[in-house]
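Reading through the structure tokens given below for one structure.
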Amino acid sequence: MRIQDIIEGKKEWRAHMARVKALPQDYQIVYKEIQKYLFKVGPVELTEGIELLSGIVDLFEEGAVPEKGVLKVTGPDVAAFCDDLIKDSKTYADIYQASVAQKVNDAIK
């Protein structure tokens, strides 16, 4: 990765976070919880994660316009909302589950 790519990535991230900070407070809180959740169990591919977070901000910006509460956008179960977003992506949870299964299989043999 070139230095220019790193600088460009930082600029994009700062612009992304500026969009988040412009959201209503309840949307910011839920966004940060979604971000934490996705960083723990989310997609393995970093580019998928960034695109996903940008898409969530887009959705939140649209939902915040008519002054709709954030849980009307995500539903009451925010973790289920996140799981639905990443259902077709390979996740860290998938990798961990495969690792545990392999260890158990090796131990049983």
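The way I read the labels, and the way they are meant: chains A, B, ... in the order of the structure tokens, residue 1 as the first residue of every chain, and ligand 1 as the first ligand shown, with later ones counted on from there.
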
Spatial neighbours of region 92-101 of chain A, max dist 8 Å, only C-alpha atoms, sep filter under 6 positions, as a list of chain:residue names: A:Lys40, A:Val41, A:Gly42, A:Pro43, A:Val44

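All residues of protein, DNA or RNA that reach within 10 Å of Glu12 (chain A), judged by only C-alpha atoms and not counting those fewer than 6 positions away in the chain, are Ile6, Ala18 and Ile50 of chain A.
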
Those selected residues, please, written with N, CA and C atoms and delivered as an mmCIF file, in the first residue's frame.
data_model
loop_
_atom_site.group_PDB
_atom_site.id
_atom_site.type_symbol
_atom_site.label_atom_id
_atom_site.label_comp_id
_atom_site.auth_asym_id
_atom_site.auth_seq_id
_atom_site.Cartn_x
_atom_site.Cartn_y
_atom_site.Cartn_z
ATOM 1 N N ILE A 6 -2.877 5.499 1.719
ATOM 2 C CA ILE A 6 -3.165 5.666 3.146
ATOM 3 C C ILE A 6 -3.757 7.054 3.408
ATOM 4 N N ALA A 18 -17.581 12.644 9.397
ATOM 5 C CA ALA A 18 -18.247 13.956 9.424
ATOM 6 C C ALA A 18 -19.728 13.787 9.086
ATOM 7 N N ILE A 50 -16.314 -1.124 4.703
ATOM 8 C CA ILE A 50 -16.388 0.323 4.486
ATOM 9 C C ILE A 50 -17.604 0.663 3.629
#

Within 10 Å of region 71-87 of chain A using only C-alpha atoms, minus same-chain residues under 5 positions, as a list in words: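 Once the adjacent positions are removed, what remains is Asp26, Tyr27, Val30, Tyr31, Glu33, Ile34, Gln35, Tyr37, Leu38, Val41, Gly42, Pro43, Glu48, Gly49, Leu52, Ile56, Leu59, Phe60, Glu62, Gly63 and Ala64 of chain A.
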
Keeping only C-alpha atoms, take the residues you just selected and write them out as a tab-separated table (two decimals), in the first residue's frame.
chain	number	residue	atom	x	y	z
A	26	ASP	CA	-29.99	8.80	18.37
A	27	TYR	CA	-28.76	7.87	14.89
A	30	VAL	CA	-26.95	3.42	16.96
A	31	TYR	CA	-24.39	3.92	14.18
A	33	GLU	CA	-23.01	0.43	18.12
A	34	ILE	CA	-23.44	-1.00	14.61
A	35	GLN	CA	-19.86	-0.05	13.82
A	37	TYR	CA	-20.68	-4.89	16.16
A	38	LEU	CA	-19.50	-5.08	12.56
A	41	VAL	CA	-18.18	-10.04	13.74
A	42	GLY	CA	-18.53	-8.31	10.39
A	43	PRO	CA	-17.22	-8.99	6.94
A	48	GLU	CA	-16.99	-4.67	2.09
A	49	GLY	CA	-17.06	-3.23	5.61
A	52	LEU	CA	-21.45	-1.32	4.24
A	56	ILE	CA	-25.76	2.58	6.60
A	59	LEU	CA	-29.88	4.92	4.97
A	60	PHE	CA	-29.68	6.90	8.20
A	62	GLU	CA	-32.66	9.30	4.44
A	63	GLY	CA	-34.40	8.12	7.62
A	64	ALA	CA	-33.45	11.21	9.60

Filtered DSSP result for chain A, state alpha helix (DSSP H), as a ChimeraX atom specification: /A:3-21,25-41,46-64,70-74,78-85,92-108

For Leu53 (chain A), the nearest of the candidates A:Val104, A:Arg19, A:Gln25, A:Lys68, counting only C-alpha atoms: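 Nearest candidate to Leu53 (chain A) out of A:Val104, A:Arg19, A:Gln25, A:Lys68: A:Arg19.
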
Atomic distance CA of Ile3 (chain A) - CA of Val20 (chain A), expressed in Å with one decimal: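 Atom-to-atom, CA of Ile3 (chain A) to CA of Val20 (chain A), that is 25.8 Å.
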
Separation of CA of Glu67 (chain A) from CA of Leu23 (chain A) in Å: 10.7 Å

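Closest approach to Pro24 (chain A) among A:Asp88, A:Lys103, A:Ile108, A:Gly69: A:Gly69, based on only C-alpha atoms.
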